[in-house]
Structure formats: structure tokens, C-alpha cells
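final_27.cif follows (mmCIF, C-alpha atoms):
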data_upload
#
loop_
_atom_site.label_atom_id
_atom_site.label_comp_id
_atom_site.auth_asym_id
_atom_site.auth_seq_id
_atom_site.Cartn_x
_atom_site.Cartn_y
_atom_site.Cartn_z
CA MET Z 1 113.38 12.32 112.87
CA GLU Z 2 112.69 11.74 109.16
CA ILE Z 3 114.77 13.38 106.44
CA HIS Z 4 112.56 15.46 104.14
CA PRO Z 5 113.34 16.84 100.68
CA MET Z 6 114.78 20.33 100.79
CA VAL Z 7 112.40 23.07 99.68
CA LYS Z 8 113.67 26.32 98.23
CA ALA Z 9 112.42 29.51 99.82
CA ASN Z 10 110.50 31.90 97.59
CA LEU Z 11 113.22 33.48 95.43
CA SER Z 12 111.67 36.94 95.06
CA ASN Z 13 111.26 37.14 98.86
CA SER Z 14 114.91 36.13 99.31
CA VAL Z 15 116.02 38.80 96.83
CA LYS Z 16 113.78 41.37 98.53
CA ASN Z 17 115.27 40.57 101.94
CA TYR Z 18 118.79 40.78 100.50
CA LEU Z 19 118.08 44.18 98.93
CA TYR Z 20 116.41 45.36 102.11
CA GLN Z 21 119.55 44.58 104.10
CA TYR Z 22 121.70 46.17 101.39
CA ILE Z 23 119.62 49.37 101.58
CA ARG Z 24 119.80 49.43 105.38
CA ASN Z 25 123.60 49.17 105.32
CA VAL Z 26 124.58 51.30 102.32
CA ASP Z 27 126.45 54.56 102.95
CA LEU Z 28 123.99 57.21 101.78
CA LYS Z 29 126.75 59.82 101.66
CA ASP Z 30 128.23 58.06 98.65
CA ASN Z 31 125.15 57.36 96.55
CA MET Z 32 121.41 56.89 97.02
CA LYS Z 33 120.83 55.52 93.53
CA LEU Z 34 120.46 51.77 93.16
CA PRO Z 35 122.10 49.88 90.28
CA SER Z 36 119.89 49.10 87.30
CA GLU Z 37 117.70 45.99 87.21
CA ASN Z 38 120.09 44.47 84.65
CA GLU Z 39 123.10 45.06 86.91
CA ILE Z 40 121.40 43.69 90.03
CA SER Z 41 120.16 40.70 88.04
CA SER Z 42 123.68 39.97 86.78
CA LYS Z 43 125.35 40.35 90.19
CA LEU Z 44 122.79 38.22 92.07
CA GLY Z 45 122.44 35.63 89.30
CA VAL Z 46 118.65 35.81 89.11
CA SER Z 47 116.23 36.91 86.42
CA ARG Z 48 115.12 40.50 85.85
CA VAL Z 49 111.54 39.40 86.50
CA THR Z 50 112.53 38.30 90.03
CA ILE Z 51 114.41 41.56 90.61
CA ARG Z 52 111.44 43.60 89.39
CA ARG Z 53 109.04 41.77 91.75
CA ALA Z 54 111.35 42.42 94.70
CA LEU Z 55 111.72 46.10 93.79
CA ASP Z 56 107.94 46.41 93.36
CA GLU Z 57 107.48 45.20 96.95
CA LEU Z 58 110.15 47.56 98.28
CA GLU Z 59 108.49 50.45 96.45
CA LYS Z 60 105.11 49.60 98.01
CA GLU Z 61 106.77 49.65 101.43
CA GLY Z 62 108.34 53.04 100.71
CA MET Z 63 111.94 51.79 100.89
CA ILE Z 64 112.77 52.94 97.35
CA LEU Z 65 111.67 55.70 95.00
CA ARG Z 66 111.39 55.18 91.25
CA ILE Z 67 111.81 58.40 89.30
CA HIS Z 68 110.96 58.20 85.62
CA GLY Z 69 113.96 58.90 83.42
CA ARG Z 70 116.40 58.99 86.35
CA GLY Z 71 116.33 55.55 87.98
CA THR Z 72 115.63 53.92 91.34
CA PHE Z 73 116.73 55.63 94.56
CA ILE Z 74 116.86 54.70 98.24
CA ASN Z 75 114.31 56.63 100.28
CA PRO Z 76 116.42 58.29 103.01
CA GLU Z 77 113.38 58.74 105.28
CA ALA Z 78 112.74 54.99 105.22
CA VAL Z 79 116.33 54.21 106.20
CA LYS Z 80 115.97 56.44 109.29
CA ILE Z 81 113.23 54.18 110.66
CA GLN Z 82 114.76 51.91 113.30
CA VAL Z 83 111.89 49.41 113.63
CA ASN Z 84 109.71 49.10 110.57
CA LEU Z 85 106.30 47.52 111.02
CA MET Z 86 106.38 45.98 107.54
CA PRO Z 87 109.22 43.43 107.44
CA GLY Z 88 108.81 40.80 110.15
CA GLU Z 89 111.87 40.95 112.41
CA GLU Z 90 113.10 38.19 114.73
CA PHE Z 91 112.13 39.27 118.26
CA SER Z 92 115.62 39.46 119.78
CA HIS Z 93 116.83 41.51 116.83
CA LEU Z 94 113.80 43.77 117.18
CA VAL Z 95 114.68 44.40 120.85
CA GLU Z 96 118.27 45.22 119.85
CA LEU Z 97 117.10 47.63 117.15
CA CYS Z 98 115.25 49.52 119.89
CA GLY Z 99 118.54 49.96 121.75
CA TYR Z 100 118.33 47.26 124.44
CA LYS Z 101 120.19 44.11 125.34
CA ALA Z 102 118.01 41.17 124.32
CA SER Z 103 117.37 37.88 126.10
CA PHE Z 104 114.43 35.51 126.35
CA GLN Z 105 112.94 32.73 128.42
CA VAL Z 106 110.64 29.87 127.50
CA VAL Z 107 107.53 29.97 129.67
CA SER Z 108 105.84 26.79 128.47
CA VAL Z 109 105.73 24.15 125.74
CA GLU Z 110 102.36 22.41 125.80
CA LYS Z 111 100.81 19.80 123.53
CA ARG Z 112 97.02 19.69 123.47
CA ALA Z 113 93.96 19.26 121.27
CA ALA Z 114 93.38 22.27 119.01
CA ASP Z 115 90.55 24.54 120.08
CA ILE Z 116 87.89 25.45 117.51
CA GLN Z 117 89.41 28.82 116.59
CA THR Z 118 92.93 27.45 116.07
CA ARG Z 119 91.55 24.48 114.17
CA GLN Z 120 89.69 26.77 111.78
CA ILE Z 121 92.64 29.13 111.29
CA LEU Z 122 95.17 26.33 110.65
CA GLN Z 123 92.66 24.21 108.70
CA LEU Z 124 93.05 21.20 111.00
CA ASP Z 125 90.73 18.25 111.48
CA GLU Z 126 88.77 17.76 114.67
CA GLY Z 127 90.89 15.99 117.27
CA GLU Z 128 94.24 17.08 115.80
CA GLU Z 129 96.80 18.16 118.36
CA ILE Z 130 98.86 21.33 118.41
CA TYR Z 131 101.87 22.64 120.26
CA VAL Z 132 101.51 25.94 122.10
CA VAL Z 133 104.86 27.62 122.78
CA GLU Z 134 105.00 30.73 124.98
CA LYS Z 135 108.13 32.89 125.31
CA VAL Z 136 109.01 36.22 126.91
CA TYR Z 137 111.62 38.49 125.32
CA MET Z 138 113.45 40.90 127.59
CA ALA Z 139 114.80 44.40 126.95
CA ASP Z 140 117.58 45.02 129.48
CA SER Z 141 115.88 42.47 131.79
CA HIS Z 142 112.45 44.13 131.38
CA PRO Z 143 109.68 42.02 129.77
CA ALA Z 144 109.03 43.66 126.39
CA ILE Z 145 107.45 41.00 124.14
CA ILE Z 146 105.34 37.92 124.76
CA SER Z 147 104.99 35.46 121.88
CA ILE Z 148 102.54 32.57 121.66
CA ASP Z 149 103.00 30.16 118.73
CA ARG Z 150 100.44 27.48 117.86
CA PHE Z 151 101.12 24.86 115.18
CA ALA Z 152 100.15 21.30 114.33
CA SER Z 153 102.17 18.70 116.26
CA SER Z 154 102.26 16.61 113.07
CA LEU Z 155 104.72 19.13 111.62
CA VAL Z 156 107.40 18.42 114.21
CA GLY Z 157 106.60 15.07 115.83
CA ASP Z 158 105.76 14.09 119.39
CA GLU Z 159 108.98 14.95 121.21
CA LEU Z 160 109.22 18.75 121.10
CA SER Z 161 110.87 19.90 124.31
CA GLU Z 162 111.68 23.14 126.08
CA GLU Z 163 115.33 22.68 125.09
CA ASP Z 164 114.29 22.47 121.42
CA VAL Z 165 112.51 25.82 121.51
CA LYS Z 166 115.35 27.42 123.47
CA SER Z 167 117.85 26.63 120.75
CA ALA Z 168 115.74 27.40 117.66
CA SER Z 169 112.81 29.54 116.60
CA THR Z 170 109.45 28.00 115.70
CA PHE Z 171 110.14 28.90 112.07
CA ASP Z 172 113.45 27.02 112.09
CA ILE Z 173 112.00 23.99 113.90
CA ILE Z 174 109.19 23.62 111.35
CA ARG Z 175 111.55 24.23 108.43
CA GLN Z 176 114.02 21.60 109.64
CA SER Z 177 111.34 19.05 110.57
CA ALA Z 178 108.85 19.43 107.74
CA GLY Z 179 110.55 21.45 105.01
CA ASN Z 180 107.98 24.24 105.43
CA PHE Z 181 109.13 27.83 104.97
CA VAL Z 182 107.10 30.74 106.28
CA VAL Z 183 106.98 33.20 103.39
CA ARG Z 184 104.31 35.67 104.50
CA ASP Z 185 101.85 36.42 107.25
CA LYS Z 186 98.56 38.20 107.78
CA ILE Z 187 98.08 40.13 110.99
CA LYS Z 188 95.25 41.74 112.91
CA ILE Z 189 96.31 44.51 115.28
CA GLU Z 190 94.56 45.55 118.48
CA THR Z 191 95.33 46.84 121.96
CA MET Z 192 94.70 44.80 125.09
CA ASP Z 193 94.58 45.97 128.71
CA ARG Z 194 96.57 44.24 131.42
CA GLU Z 195 93.65 42.28 132.86
CA GLU Z 196 92.70 40.79 129.51
CA MET Z 197 96.36 40.13 128.64
CA CYS Z 198 96.79 38.14 131.87
CA ARG Z 199 93.78 35.99 130.94
CA PHE Z 200 95.07 35.47 127.42
CA ALA Z 201 98.74 34.70 128.12
CA LYS Z 202 100.37 32.83 131.01
CA PRO Z 203 103.25 35.34 131.28
CA GLY Z 204 100.94 38.36 130.95
CA SER Z 205 101.43 39.25 134.61
CA LEU Z 206 105.17 39.69 134.00
CA MET Z 207 104.60 42.66 131.69
CA GLU Z 208 105.05 46.10 133.27
CA CYS Z 209 102.67 47.97 130.95
CA SER Z 210 99.01 48.72 131.68
CA SER Z 211 98.11 47.86 128.07
CA ALA Z 212 99.91 46.24 125.16
CA LEU Z 213 99.92 46.36 121.37
CA VAL Z 214 98.81 42.94 120.15
CA PHE Z 215 99.39 41.24 116.79
CA HIS Z 216 97.34 38.18 115.91
CA GLY Z 217 99.17 36.57 112.98
CA VAL Z 218 98.57 33.72 110.57
CA ASN Z 219 101.79 32.53 108.91
CA TYR Z 220 101.65 30.85 105.48
CA ASN Z 221 104.12 28.44 103.91
CA GLN Z 222 105.44 28.27 100.34
CA GLU Z 223 102.24 26.49 99.26
CA ASN Z 224 100.08 29.26 100.77
CA ARG Z 225 98.84 27.04 103.59
CA PRO Z 226 98.51 28.40 107.15
CA ILE Z 227 101.00 26.61 109.44
CA ILE Z 228 101.48 28.91 112.48
CA TYR Z 229 98.90 30.93 114.37
CA ASP Z 230 100.68 33.35 116.66
CA THR Z 231 99.85 36.11 119.09
CA GLU Z 232 102.43 38.75 120.00
CA PHE Z 233 102.18 41.29 122.85
CA TYR Z 234 104.40 44.39 122.70
CA ASP Z 235 105.16 46.81 125.51
CA THR Z 236 105.37 50.01 123.48
CA GLY Z 237 107.41 51.61 126.21
CA TYR Z 238 110.27 49.48 124.89
CA ILE Z 239 109.25 48.42 121.38
CA LYS Z 240 108.37 51.41 119.20
CA PHE Z 241 107.26 50.67 115.65
CA SER Z 242 107.24 53.06 112.72
CA LEU Z 243 105.51 52.65 109.39
CA LEU Z 244 106.24 54.52 106.19
CA ARG Z 245 103.17 54.32 103.96
CA VAL Z 246 102.94 54.96 100.24
CA LYS Z 247 99.86 57.01 99.47
CA ASN Z 248 97.64 56.16 96.54
CA VAL Z 249 95.38 59.18 96.68
CA TYR Z 250 94.35 61.05 93.55
CA GLU Z 251 92.26 64.17 93.14
CA ASN Z 252 88.94 63.66 91.44
CA GLU Z 253 88.92 64.85 87.89
CA LYS Z 254 86.77 67.90 87.43
#
Could you quickly redo this structure as C-alpha cells?
Amino acid sequence: MEIHPMVKANLSNSVKNYLYQYIRNVDLKDNMKLPSENEISSKLGVSRVTIRRALDELEKEGMILRIHGRGTFINPEAVKIQVNLMPGEEFSHLVELCGYKASFQVVSVEKRAADIQTRQILQLDEGEEIYVVEKVYMADSHPAIISIDRFASSLVGDELSEEDVKSASTFDIIRQSAGNFVVRDKIKIETMDREEMCRFAKPGSLMECSSALVFHGVNYNQENRPIIYDTEFYDTGYIKFSLLRVKNVYENEK
């Protein structure tokens, strides 16, 4: 395997994730007010501009409240949410957040020519090959999540094995092999009945639900290029998402 130059992850995203974890773990009985931008900037060793961008994102997601003249506060209602739809969680951690013991199994690792849809989404040339990795994540031994990852084989080489995907996530494999970080994704959400799910995914028949919540995601790297096309099936009997939305609704001026 070649050694590639290290690539820094997007700094504002790293700061946002750090602050998100800080907010999730802070003792709200002591204080719900966040330190000032200057203080956070000094303690983390990054610029105020980076801190402001991270806080802007957290405000859009409803995690914090900015009150003019008083400061920035943690939104207690947001902290109560166990599984937030906004930040992408690793699947095993997501299962644990829902109160279950997590495990997973690799169903298949297949290398094949990219179909037209995947080729268009990942901006690949005709004839390029992709890996398709299918996994099932269990909640107390019950199938709760199916994940299907599709990505160009050129990112990781020709020897990707089942053992490789057992020991590392697709994100980590691509980061280690090609220096590509996933920094954001775009998802389309739909529901799918059991019959269609079984046609779409090899392990679909393992799911116990009659229908599933489905995310079709396109994951972008630090250069804003699509590198992973994934499909995720959730049994909402086990995985229950919540979403706190910030309203931007104004009354019409009379």
C-alpha cells in the first residue's frame, strides 16, 4: 500500500464536533452558558472565525441559543435528544444510544463494474470498478440497521477483504488508503416496504420490520468531491431518531 501525504480534516467541522461532545457531556445543573468566543478560541488554540463558524452550525441545528446582550447558552431540549438526525453517528454508537448492545456482521464485500446510477453519483468513468460493502448492525442480536457502501476501488486498491471491513469503517479505510476525509453528506430519505427492501439489499430478509426508514447518502471529501454512495435501512422499532429544527418563519408585515 502506498504512503500518501496526510490531509487535515476541516478545522471548523472538528471544532464543531468537539463542542457538540462538550455540550452533550456538560453538567447542566452547574451552568448552561457557554464561554465567550474569545475564551473558546484561546483554550482550543484556533481562530475566532473558526469558532464562530462552528457555533453558527450548532445554532442552526438548535444545539445552542444566542441571546443578544447575554451570551450563548446550551439548549436543554436539544441535550435531551438521545439520537439526533443531524450529526452523522457511527452505527454501533447509534445502536448504543438507543439503549441496546451493539454488534455487526459483514454480509458481503464485492468488487464490480459501477452501474450507471453509481457512476453518475460518484462521477466515475465508464468501466470503472467499485466496491460494494454490505453490513448488518444488531441491537441486542436483532437486526436494526443495514448499510450498503459503494466507492471507487481505485481509492483503496485491489485487495480489500472481509477482514479489512470488519476491523475498520469505510470512512477509515478510505482515509488511511487515499487521504480522503468525509466532511459532509447529502441524504434523501424515504420509506421502503419489506418486499422492496429484500430486492434492494442482500440482508433485507434478515430485518424483522415490515417497512424501514431509508437514507440514500452521498458523502463528500475535503475537496467537495463525492467519494461514497451509501444506502442505510433503519428498523424504527429499534432506532428512533429525533430532530430539533430551528424555525425561520416571520409574519408578513401589514
What residues come out when you apply the PyMOL selection byres ((chain Z and resi 109) around 6) to this file, written as a compact mmCIF listing (two decimals) with C-alpha atoms, in the frame of the given file?
# COMPACT_ATOMS: atom_id res chain seq x y z
CA SER Z 108 105.84 26.79 128.47
CA GLU Z 110 102.36 22.41 125.80
CA VAL Z 132 101.51 25.94 122.10
CA VAL Z 133 104.86 27.62 122.78
Hey, can I get the axis-aligned box for segment 37-41 of chain Z? All listed atoms, 4 Å padding on each side, centre and edge lengths in Å to one decimal, as JSON.
{"center_x": 120.4, "center_y": 43.3, "center_z": 87.3, "size_x": 13.4, "size_y": 13.3, "size_z": 13.4}
For Arg184 of chain Z, which residue among Z:Pro76, Z:Gly157, Z:Gly204, Z:Gly217 is the nearest when counting all atoms listed in the file?
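Going through Z:Pro76, Z:Gly157, Z:Gly204, Z:Gly217 one by one, the smallest distance to Arg184 of chain Z is for Z:Gly217.
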For Val156 of chain Z: contacts at 9 Å, all atoms listed in the file, fewer than 4 positions along chain excluded, given as a list of chain:residue names
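The contact residues come out as Z:Met1, Z:Ala152, Z:Leu160, Z:Ile173, Z:Ile174, Z:Gln176, Z:Ser177, Z:Ala178.
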Answer key for the PyMOL selection byres ((chain Z and resi 140) around 8), residues as an MDAnalysis selection string:
chainID Z and resid 100:103 138:139 141:142
Surrounding residues of Tyr220 of chain Z excluding itself and chain neighbours under 5 positions, 8 Å, only C-alpha atoms, as a PyMOL selection string
chain Z and resi 182-185+225-228
Taking into account all atoms listed in the file, which residue in the set Z:Ile23, Z:His216, Z:Leu124, Z:Leu34 is nearest to Glu77 of chain Z?
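The closest residue to Glu77 of chain Z is Z:Ile23.
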Which residues come within 6 Å of Phe181 of chain Z, counting only C-alpha atoms, excluding same-chain residues fewer than 4 positions away, as a ChimeraX atom specification?
/Z:175,221-222
Selection under test: the PyMOL selection byres ((chain Z and resi 190-196) around 7); residues as an MDAnalysis selection string
chainID Z and resid 188:189 197:200 210:215
Surrounding residues of Asp235 of chain Z excluding itself and chain neighbours under 4 positions, 8 Å, all atoms listed in the file, as a list in words
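My list of contacting residues is Pro143, Ala144, Ile145, Met207, Glu208, Cys209, Ser211, Ala212, Leu213 and Ile239 of chain Z.
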Using all atoms listed in the file, which residue out of Z:Phe233, Z:Phe151, Z:Tyr20, Z:Phe171 lies closest to Ser205 of chain Z?
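Between Z:Phe233, Z:Phe151, Z:Tyr20, Z:Phe171, the residue approaching Ser205 of chain Z most closely is Z:Phe233.
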Atom CA of Glu128 of chain Z sits from atom CA of Ser167 of chain Z at a separation of 25.9 Å
